[in-house]
$ cat protein12.pdb   # PDB, C-alpha atoms
ATOM      1  CA  THR U 207      -8.701  -1.509  -3.123  1.00  0.00           C
ATOM      2  CA  GLU U 208     -10.472  -4.753  -3.857  1.00  0.00           C
ATOM      3  CA  GLN U 209     -13.518  -3.574  -1.890  1.00  0.00           C
ATOM      4  CA  LEU U 210     -13.740  -0.343  -3.908  1.00  0.00           C
ATOM      5  CA  ALA U 211     -13.396  -2.278  -7.173  1.00  0.00           C
ATOM      6  CA  GLU U 212     -16.258  -4.564  -6.125  1.00  0.00           C
ATOM      7  CA  GLN U 213     -18.462  -1.593  -5.272  1.00  0.00           C
ATOM      8  CA  LEU U 214     -17.716   0.129  -8.571  1.00  0.00           C
ATOM      9  CA  GLN U 215     -18.426  -3.083 -10.471  1.00  0.00           C
ATOM     10  CA  SER U 216     -21.712  -3.447  -8.584  1.00  0.00           C
ATOM     11  CA  ALA U 217     -22.657   0.124  -9.468  1.00  0.00           C
ATOM     12  CA  GLN U 218     -21.926  -0.515 -13.133  1.00  0.00           C
ATOM     13  CA  GLU U 219     -24.092  -3.641 -13.045  1.00  0.00           C
ATOM     14  CA  ARG U 220     -26.945  -1.424 -11.764  1.00  0.00           C
ATOM     15  CA  ASP U 221     -26.490   0.725 -14.909  1.00  0.00           C
ATOM     16  CA  VAL U 222     -24.646   3.504 -13.085  1.00  0.00           C
ATOM     17  CA  ASN U 223     -22.323   5.349 -15.456  1.00  0.00           C
ATOM     18  CA  VAL U 224     -18.864   4.790 -13.909  1.00  0.00           C
ATOM     19  CA  ILE U 225     -15.916   6.708 -15.330  1.00  0.00           C
ATOM     20  CA  ILE U 226     -12.540   6.641 -13.573  1.00  0.00           C
ATOM     21  CA  GLY U 227      -9.717   9.112 -14.069  1.00  0.00           C
ATOM     22  CA  THR U 228      -6.181   8.219 -13.021  1.00  0.00           C
ATOM     23  CA  VAL U 229      -2.976  10.186 -12.709  1.00  0.00           C
ATOM     24  CA  ASN U 230      -0.856   7.906 -14.909  1.00  0.00           C
ATOM     25  CA  GLU U 231      -1.004   5.127 -17.485  1.00  0.00           C
ATOM     26  CA  ASP U 232       0.258   2.419 -15.091  1.00  0.00           C
ATOM     27  CA  LEU U 233      -2.648   3.021 -12.710  1.00  0.00           C
ATOM     28  CA  GLN U 234      -5.020   3.250 -15.662  1.00  0.00           C
ATOM     29  CA  ALA U 235      -3.913  -0.220 -16.846  1.00  0.00           C
ATOM     30  CA  THR U 236      -4.202  -1.691 -13.349  1.00  0.00           C
ATOM     31  CA  ILE U 237      -7.741  -0.389 -12.880  1.00  0.00           C
ATOM     32  CA  GLN U 238      -8.774  -1.339 -16.410  1.00  0.00           C
ATOM     33  CA  ASP U 239      -7.582  -4.915 -15.761  1.00  0.00           C
ATOM     34  CA  SER U 240      -9.580  -5.024 -12.527  1.00  0.00           C
ATOM     35  CA  LEU U 241     -12.697  -3.378 -14.013  1.00  0.00           C
ATOM     36  CA  PRO U 242     -12.714  -4.248 -17.726  1.00  0.00           C
ATOM     37  CA  ASP U 243     -16.209  -2.835 -18.387  1.00  0.00           C
ATOM     38  CA  VAL U 244     -15.498   0.572 -16.814  1.00  0.00           C
ATOM     39  CA  GLU U 245     -14.118   3.492 -18.791  1.00  0.00           C
ATOM     40  CA  VAL U 246     -10.735   4.515 -17.385  1.00  0.00           C
ATOM     41  CA  PHE U 247      -8.714   7.490 -18.616  1.00  0.00           C
ATOM     42  CA  VAL U 248      -5.575   9.403 -17.641  1.00  0.00           C
ATOM     43  CA  SER U 249      -6.830  12.692 -16.239  1.00  0.00           C
ATOM     44  CA  GLY U 250      -3.935  14.960 -17.071  1.00  0.00           C
ATOM     45  CA  LEU U 251      -4.359  16.476 -13.599  1.00  0.00           C
ATOM     46  CA  ASP U 252      -1.139  15.053 -12.174  1.00  0.00           C
ATOM     47  CA  TRP U 253      -0.500  18.376 -10.443  1.00  0.00           C
ATOM     48  CA  LEU U 254      -3.148  17.295  -7.904  1.00  0.00           C
ATOM     49  CA  SER U 255      -0.789  14.638  -6.589  1.00  0.00           C
ATOM     50  CA  ARG U 256       2.091  16.972  -5.772  1.00  0.00           C
ATOM     51  CA  SER U 257       2.523  20.555  -4.725  1.00  0.00           C
ATOM     52  CA  PRO U 258       5.078  23.040  -6.031  1.00  0.00           C
ATOM     53  CA  LEU U 259       5.249  24.554  -2.529  1.00  0.00           C
ATOM     54  CA  PRO U 260       8.275  23.598  -0.428  1.00  0.00           C
ATOM     55  CA  GLY U 261       7.406  21.345   2.507  1.00  0.00           C
ATOM     56  CA  ASP U 262       3.888  20.580   1.242  1.00  0.00           C
ATOM     57  CA  ASP U 263       3.690  16.795   1.134  1.00  0.00           C
ATOM     58  CA  THR U 264      -0.112  16.557   0.967  1.00  0.00           C
ATOM     59  CA  GLU U 265      -1.567  14.721  -2.018  1.00  0.00           C
ATOM     60  CA  ILE U 266      -5.110  14.565  -3.301  1.00  0.00           C
ATOM     61  CA  SER U 267      -6.026  10.931  -2.917  1.00  0.00           C
ATOM     62  CA  ARG U 268      -9.551  10.621  -4.317  1.00  0.00           C
ATOM     63  CA  LEU U 269     -12.122  12.758  -6.074  1.00  0.00           C
ATOM     64  CA  LEU U 270     -15.581  11.226  -6.240  1.00  0.00           C
ATOM     65  CA  LEU U 271     -18.338  13.116  -8.018  1.00  0.00           C
ATOM     66  CA  ALA U 272     -21.846  11.650  -7.870  1.00  0.00           C
ATOM     67  CA  ASP U 273     -24.729  12.965  -9.958  1.00  0.00           C
ATOM     68  CA  ARG U 274     -22.726  16.148 -10.654  1.00  0.00           C
ATOM     69  CA  GLU U 275     -23.835  17.547  -7.287  1.00  0.00           C
ATOM     70  CA  ALA U 276     -22.136  15.606  -4.489  1.00  0.00           C
ATOM     71  CA  ILE U 277     -18.379  15.512  -4.031  1.00  0.00           C
ATOM     72  CA  LEU U 278     -15.933  13.690  -1.803  1.00  0.00           C
ATOM     73  CA  VAL U 279     -12.334  14.869  -1.867  1.00  0.00           C
ATOM     74  CA  SER U 280      -9.755  13.116   0.252  1.00  0.00           C
ATOM     75  CA  SER U 281      -6.101  13.804   0.811  1.00  0.00           C
ATOM     76  CA  PHE U 282      -3.241  12.188   2.639  1.00  0.00           C
ATOM     77  CA  THR U 283       0.136  13.196   3.933  1.00  0.00           C
ATOM     78  CA  GLU U 284       3.249  11.162   3.296  1.00  0.00           C
ATOM     79  CA  THR U 285       4.727  10.721   6.746  1.00  0.00           C
ATOM     80  CA  ARG U 286       5.979   7.125   6.659  1.00  0.00           C
ATOM     81  CA  ALA U 287       8.670   5.539   4.576  1.00  0.00           C
ATOM     82  CA  ASP U 288       6.082   3.378   2.794  1.00  0.00           C
ATOM     83  CA  GLY U 289       3.837   6.298   1.911  1.00  0.00           C
ATOM     84  CA  ARG U 290       0.313   7.259   2.826  1.00  0.00           C
ATOM     85  CA  GLU U 291      -0.823   8.134   6.290  1.00  0.00           C
ATOM     86  CA  HIS U 292      -3.457  10.386   7.827  1.00  0.00           C
ATOM     87  CA  GLU U 293      -6.057  10.389   5.077  1.00  0.00           C
ATOM     88  CA  GLN U 294      -8.939  12.777   5.580  1.00  0.00           C
ATOM     89  CA  GLY U 295     -11.786  13.960   3.412  1.00  0.00           C
ATOM     90  CA  VAL U 296     -14.255  16.711   2.748  1.00  0.00           C
ATOM     91  CA  PHE U 297     -17.816  16.265   1.493  1.00  0.00           C
ATOM     92  CA  GLY U 298     -19.938  18.817  -0.303  1.00  0.00           C
ATOM     93  CA  ARG U 299     -23.392  18.731  -1.834  1.00  0.00           C
ATOM     94  CA  GLY U 300     -25.355  21.016  -4.111  1.00  0.00           C
ATOM     95  CA  PHE U 301     -25.015  21.833  -7.787  1.00  0.00           C
ATOM     96  CA  ASP U 302     -24.062  25.421  -6.968  1.00  0.00           C
ATOM     97  CA  ASN U 303     -21.685  24.534  -4.097  1.00  0.00           C
ATOM     98  CA  GLY U 304     -18.274  26.057  -4.932  1.00  0.00           C
ATOM     99  CA  LEU U 305     -16.333  22.900  -4.068  1.00  0.00           C
ATOM    100  CA  VAL U 306     -18.664  20.800  -6.200  1.00  0.00           C
ATOM    101  CA  ALA U 307     -18.545  23.276  -9.107  1.00  0.00           C
ATOM    102  CA  ILE U 308     -14.752  23.514  -9.263  1.00  0.00           C
ATOM    103  CA  THR U 309     -14.310  19.767  -8.910  1.00  0.00           C
ATOM    104  CA  ARG U 310     -16.906  19.115 -11.600  1.00  0.00           C
ATOM    105  CA  ARG U 311     -15.003  21.446 -13.936  1.00  0.00           C
ATOM    106  CA  LEU U 312     -11.646  19.889 -13.076  1.00  0.00           C
ATOM    107  CA  MET U 313     -12.956  16.393 -13.650  1.00  0.00           C
ATOM    108  CA  ALA U 314     -14.610  17.376 -16.929  1.00  0.00           C
ATOM    109  CA  THR U 315     -11.209  18.349 -18.366  1.00  0.00           C
ATOM    110  CA  GLY U 316     -10.334  14.658 -18.468  1.00  0.00           C
ATOM    111  CA  LEU U 317     -13.575  13.467 -20.018  1.00  0.00           C
ATOM    112  CA  LEU U 318     -14.220  13.186 -23.709  1.00  0.00           C
ATOM    113  CA  SER U 319     -17.157  15.413 -24.646  1.00  0.00           C
ATOM    114  CA  VAL U 320     -19.275  12.386 -25.596  1.00  0.00           C
ATOM    115  CA  ASN U 321     -18.891  11.032 -22.045  1.00  0.00           C
ATOM    116  CA  ASP U 322     -19.326  14.339 -20.220  1.00  0.00           C
ATOM    117  CA  PRO U 323     -22.713  14.209 -18.447  1.00  0.00           C
ATOM    118  CA  GLU U 324     -23.177  17.958 -19.115  1.00  0.00           C
ATOM    119  CA  ALA U 325     -22.793  17.404 -22.858  1.00  0.00           C
ATOM    120  CA  GLU U 326     -25.404  14.645 -22.871  1.00  0.00           C
ATOM    121  CA  GLU U 327     -28.094  17.035 -21.612  1.00  0.00           C
ATOM    122  CA  ALA U 328     -27.380  19.683 -24.237  1.00  0.00           C
TER     123      ALA U 328
END

$ encode --input "protein12.pdb" --output "structure tokens"
Amino acid sequence: TEQLAEQLQSAQERDVNVIIGTVNEDLQATIQDSLPDVEVFVSGLDWLSRSPLPGDDTEISRLLLADREAILVSSFTETRADGREHEQGVFGRGFDNGLVAITRRLMATGLLSVNDPEAEEA
């Protein structure tokens, strides 16, 4: 959304390291056009957006990882002809929280090692 883009741009201007992963190249190009100074990559985790299970129409909508220890995961269900409805989210905090740990590892698969915050500390 425009509001989210403004907030991400504001964060970058405050020297926050903003890296965005997308599920496809079209979305990557759209976001890169909107936020030219932000690193945007295709995550390779497109399986998050669809389930192999019959009748499961839930998609992961957003994964937000902050400081490697706070996570917001939201999902939505396609119930209308035009798409997304009934978005809900889950929040977790703590470096050793299982939800945070697995999401951190999933997100790291899309990052180049030079941009992975874990690699910078090593």

$ closest_residue --input "protein12.pdb" --among "U:Ser240, U:Gly227, U:Arg311, U:Phe297" --to "U:Gln213" --atoms "only C-alpha atoms"
U:Ser240

$ resolve_selection --input "protein12.pdb" --expression "the PyMOL selection byres ((chain U and resi 277-280) around 9)" --output "PyMOL selection string"
chain U and resi 265-272+274-276+281-282+293-300+305-306+309-310

$ atom_distance --input "protein12.pdb" --atom1 "atom CA of U:Leu241" --atom2 "atom CA of U:Ala211"
7.0 Å

$ residues_around --input "protein12.pdb" --residues "U:Val224" --least-positions-apart "3" --cutoff "9 Å" --atoms "only C-alpha atoms" --output "PDB file with C-alpha atoms, in the frame of the given file"
ATOM      1  CA  LEU U 214     -17.716   0.129  -8.571  1.00  0.00           C
ATOM      2  CA  GLN U 215     -18.426  -3.083 -10.471  1.00  0.00           C
ATOM      3  CA  ALA U 217     -22.657   0.124  -9.468  1.00  0.00           C
ATOM      4  CA  GLN U 218     -21.926  -0.515 -13.133  1.00  0.00           C
ATOM      5  CA  ASP U 221     -26.490   0.725 -14.909  1.00  0.00           C
ATOM      6  CA  VAL U 244     -15.498   0.572 -16.814  1.00  0.00           C
ATOM      7  CA  GLU U 245     -14.118   3.492 -18.791  1.00  0.00           C
ATOM      8  CA  VAL U 246     -10.735   4.515 -17.385  1.00  0.00           C
TER       9      VAL U 246
END

$ atom_distance --input "protein12.pdb" --atom1 "atom CA of U:Gln234" --atom2 "atom CA of U:Thr264"
21.9 Å

$ closest_residue --input "protein12.pdb" --among "U:Val229, U:Val222, U:Met313, U:Leu259" --to "U:Asp243" --atoms "only C-alpha atoms"
U:Val222

$ atom_distance --input "protein12.pdb" --atom1 "atom CA of U:Phe301" --atom2 "atom CA of U:Gln238"
29.6 Å

$ resolve_selection --input "protein12.pdb" --expression "the PyMOL selection byres ((chain U and resi 228) around 9)" --output "list in words"
Ile226, Gly227, Val229, Asn230, Glu231, Asp232, Leu233, Gln234, Ile237, Val246, Phe247, Val248, Ser249, Gly250, Leu251 and Asp252 of chain U

$ write_last_selection --input "protein12.pdb" --atoms "C-alpha atoms" --output "mmCIF file, keeping the file's coordinate frame"
data_model
loop_
_atom_site.group_PDB
_atom_site.id
_atom_site.type_symbol
_atom_site.label_atom_id
_atom_site.label_comp_id
_atom_site.auth_asym_id
_atom_site.auth_seq_id
_atom_site.Cartn_x
_atom_site.Cartn_y
_atom_site.Cartn_z
ATOM 1 C CA ILE U 226 -12.540 6.641 -13.573
ATOM 2 C CA GLY U 227 -9.717 9.112 -14.069
ATOM 3 C CA VAL U 229 -2.976 10.186 -12.709
ATOM 4 C CA ASN U 230 -0.856 7.906 -14.909
ATOM 5 C CA GLU U 231 -1.004 5.127 -17.485
ATOM 6 C CA ASP U 232 0.258 2.419 -15.091
ATOM 7 C CA LEU U 233 -2.648 3.021 -12.710
ATOM 8 C CA GLN U 234 -5.020 3.250 -15.662
ATOM 9 C CA ILE U 237 -7.741 -0.389 -12.880
ATOM 10 C CA VAL U 246 -10.735 4.515 -17.385
ATOM 11 C CA PHE U 247 -8.714 7.490 -18.616
ATOM 12 C CA VAL U 248 -5.575 9.403 -17.641
ATOM 13 C CA SER U 249 -6.830 12.692 -16.239
ATOM 14 C CA GLY U 250 -3.935 14.960 -17.071
ATOM 15 C CA LEU U 251 -4.359 16.476 -13.599
ATOM 16 C CA ASP U 252 -1.139 15.053 -12.174
#

$ closest_residue --input "protein12.pdb" --among "U:Asp302, U:Asp263, U:Pro258, U:Ala235" --to "U:Thr283" --atoms "all atoms listed in the file"
U:Asp263

$ decode --input "protein12.pdb" --residues "stretch 213-264 of chain U" --atoms "C-alpha atoms" --output "PDB file, in the first residue's frame"
ATOM      1  CA  GLN U 213       6.610   4.037   6.317  1.00  0.00           C
ATOM      2  CA  LEU U 214       9.332   1.868   4.802  1.00  0.00           C
ATOM      3  CA  GLN U 215      10.850   4.888   3.069  1.00  0.00           C
ATOM      4  CA  SER U 216      10.782   6.788   6.366  1.00  0.00           C
ATOM      5  CA  ALA U 217      12.519   3.895   8.111  1.00  0.00           C
ATOM      6  CA  GLN U 218      15.222   3.824   5.453  1.00  0.00           C
ATOM      7  CA  GLU U 219      15.755   7.569   5.861  1.00  0.00           C
ATOM      8  CA  ARG U 220      16.368   6.906   9.586  1.00  0.00           C
ATOM      9  CA  ASP U 221      19.161   4.490   8.547  1.00  0.00           C
ATOM     10  CA  VAL U 222      17.091   1.370   9.200  1.00  0.00           C
ATOM     11  CA  ASN U 223      18.260  -1.497   7.001  1.00  0.00           C
ATOM     12  CA  VAL U 224      15.157  -2.326   4.915  1.00  0.00           C
ATOM     13  CA  ILE U 225      15.214  -5.438   2.747  1.00  0.00           C
ATOM     14  CA  ILE U 226      12.042  -6.656   1.032  1.00  0.00           C
ATOM     15  CA  GLY U 227      11.444 -10.128  -0.350  1.00  0.00           C
ATOM     16  CA  THR U 228       8.685 -10.734  -2.883  1.00  0.00           C
ATOM     17  CA  VAL U 229       7.132 -13.842  -4.357  1.00  0.00           C
ATOM     18  CA  ASN U 230       7.659 -12.894  -8.011  1.00  0.00           C
ATOM     19  CA  GLU U 231       9.548 -10.566 -10.334  1.00  0.00           C
ATOM     20  CA  ASP U 232       6.480  -8.447 -11.207  1.00  0.00           C
ATOM     21  CA  LEU U 233       5.940  -7.533  -7.553  1.00  0.00           C
ATOM     22  CA  GLN U 234       9.672  -6.998  -7.135  1.00  0.00           C
ATOM     23  CA  ALA U 235       9.649  -4.455  -9.998  1.00  0.00           C
ATOM     24  CA  THR U 236       6.571  -2.688  -8.628  1.00  0.00           C
ATOM     25  CA  ILE U 237       8.085  -2.310  -5.164  1.00  0.00           C
ATOM     26  CA  GLN U 238      11.491  -1.336  -6.539  1.00  0.00           C
ATOM     27  CA  ASP U 239       9.834   1.433  -8.592  1.00  0.00           C
ATOM     28  CA  SER U 240       8.013   2.678  -5.494  1.00  0.00           C
ATOM     29  CA  LEU U 241      11.053   2.389  -3.189  1.00  0.00           C
ATOM     30  CA  PRO U 242      14.130   2.840  -5.396  1.00  0.00           C
ATOM     31  CA  ASP U 243      16.612   2.997  -2.487  1.00  0.00           C
ATOM     32  CA  VAL U 244      15.402  -0.230  -0.839  1.00  0.00           C
ATOM     33  CA  GLU U 245      16.849  -3.626  -1.680  1.00  0.00           C
ATOM     34  CA  VAL U 246      14.132  -5.859  -3.129  1.00  0.00           C
ATOM     35  CA  PHE U 247      14.632  -9.511  -4.061  1.00  0.00           C
ATOM     36  CA  VAL U 248      12.533 -12.481  -5.174  1.00  0.00           C
ATOM     37  CA  SER U 249      12.415 -14.778  -2.164  1.00  0.00           C
ATOM     38  CA  GLY U 250      12.041 -18.129  -3.852  1.00  0.00           C
ATOM     39  CA  LEU U 251       9.480 -18.996  -1.164  1.00  0.00           C
ATOM     40  CA  ASP U 252       6.475 -18.957  -3.485  1.00  0.00           C
ATOM     41  CA  TRP U 253       5.153 -22.061  -1.737  1.00  0.00           C
ATOM     42  CA  LEU U 254       4.107 -19.728   1.107  1.00  0.00           C
ATOM     43  CA  SER U 255       1.439 -18.221  -1.121  1.00  0.00           C
ATOM     44  CA  ARG U 256      -0.335 -21.475  -1.944  1.00  0.00           C
ATOM     45  CA  SER U 257      -0.932 -24.788  -0.274  1.00  0.00           C
ATOM     46  CA  PRO U 258      -0.699 -28.233  -1.852  1.00  0.00           C
ATOM     47  CA  LEU U 259      -3.577 -29.348   0.397  1.00  0.00           C
ATOM     48  CA  PRO U 260      -7.002 -29.585  -1.245  1.00  0.00           C
ATOM     49  CA  GLY U 261      -9.426 -26.918  -0.037  1.00  0.00           C
ATOM     50  CA  ASP U 262      -6.728 -24.846   1.691  1.00  0.00           C
ATOM     51  CA  ASP U 263      -7.084 -21.365   0.231  1.00  0.00           C
ATOM     52  CA  THR U 264      -5.116 -19.546   2.943  1.00  0.00           C
TER      53      THR U 264
END
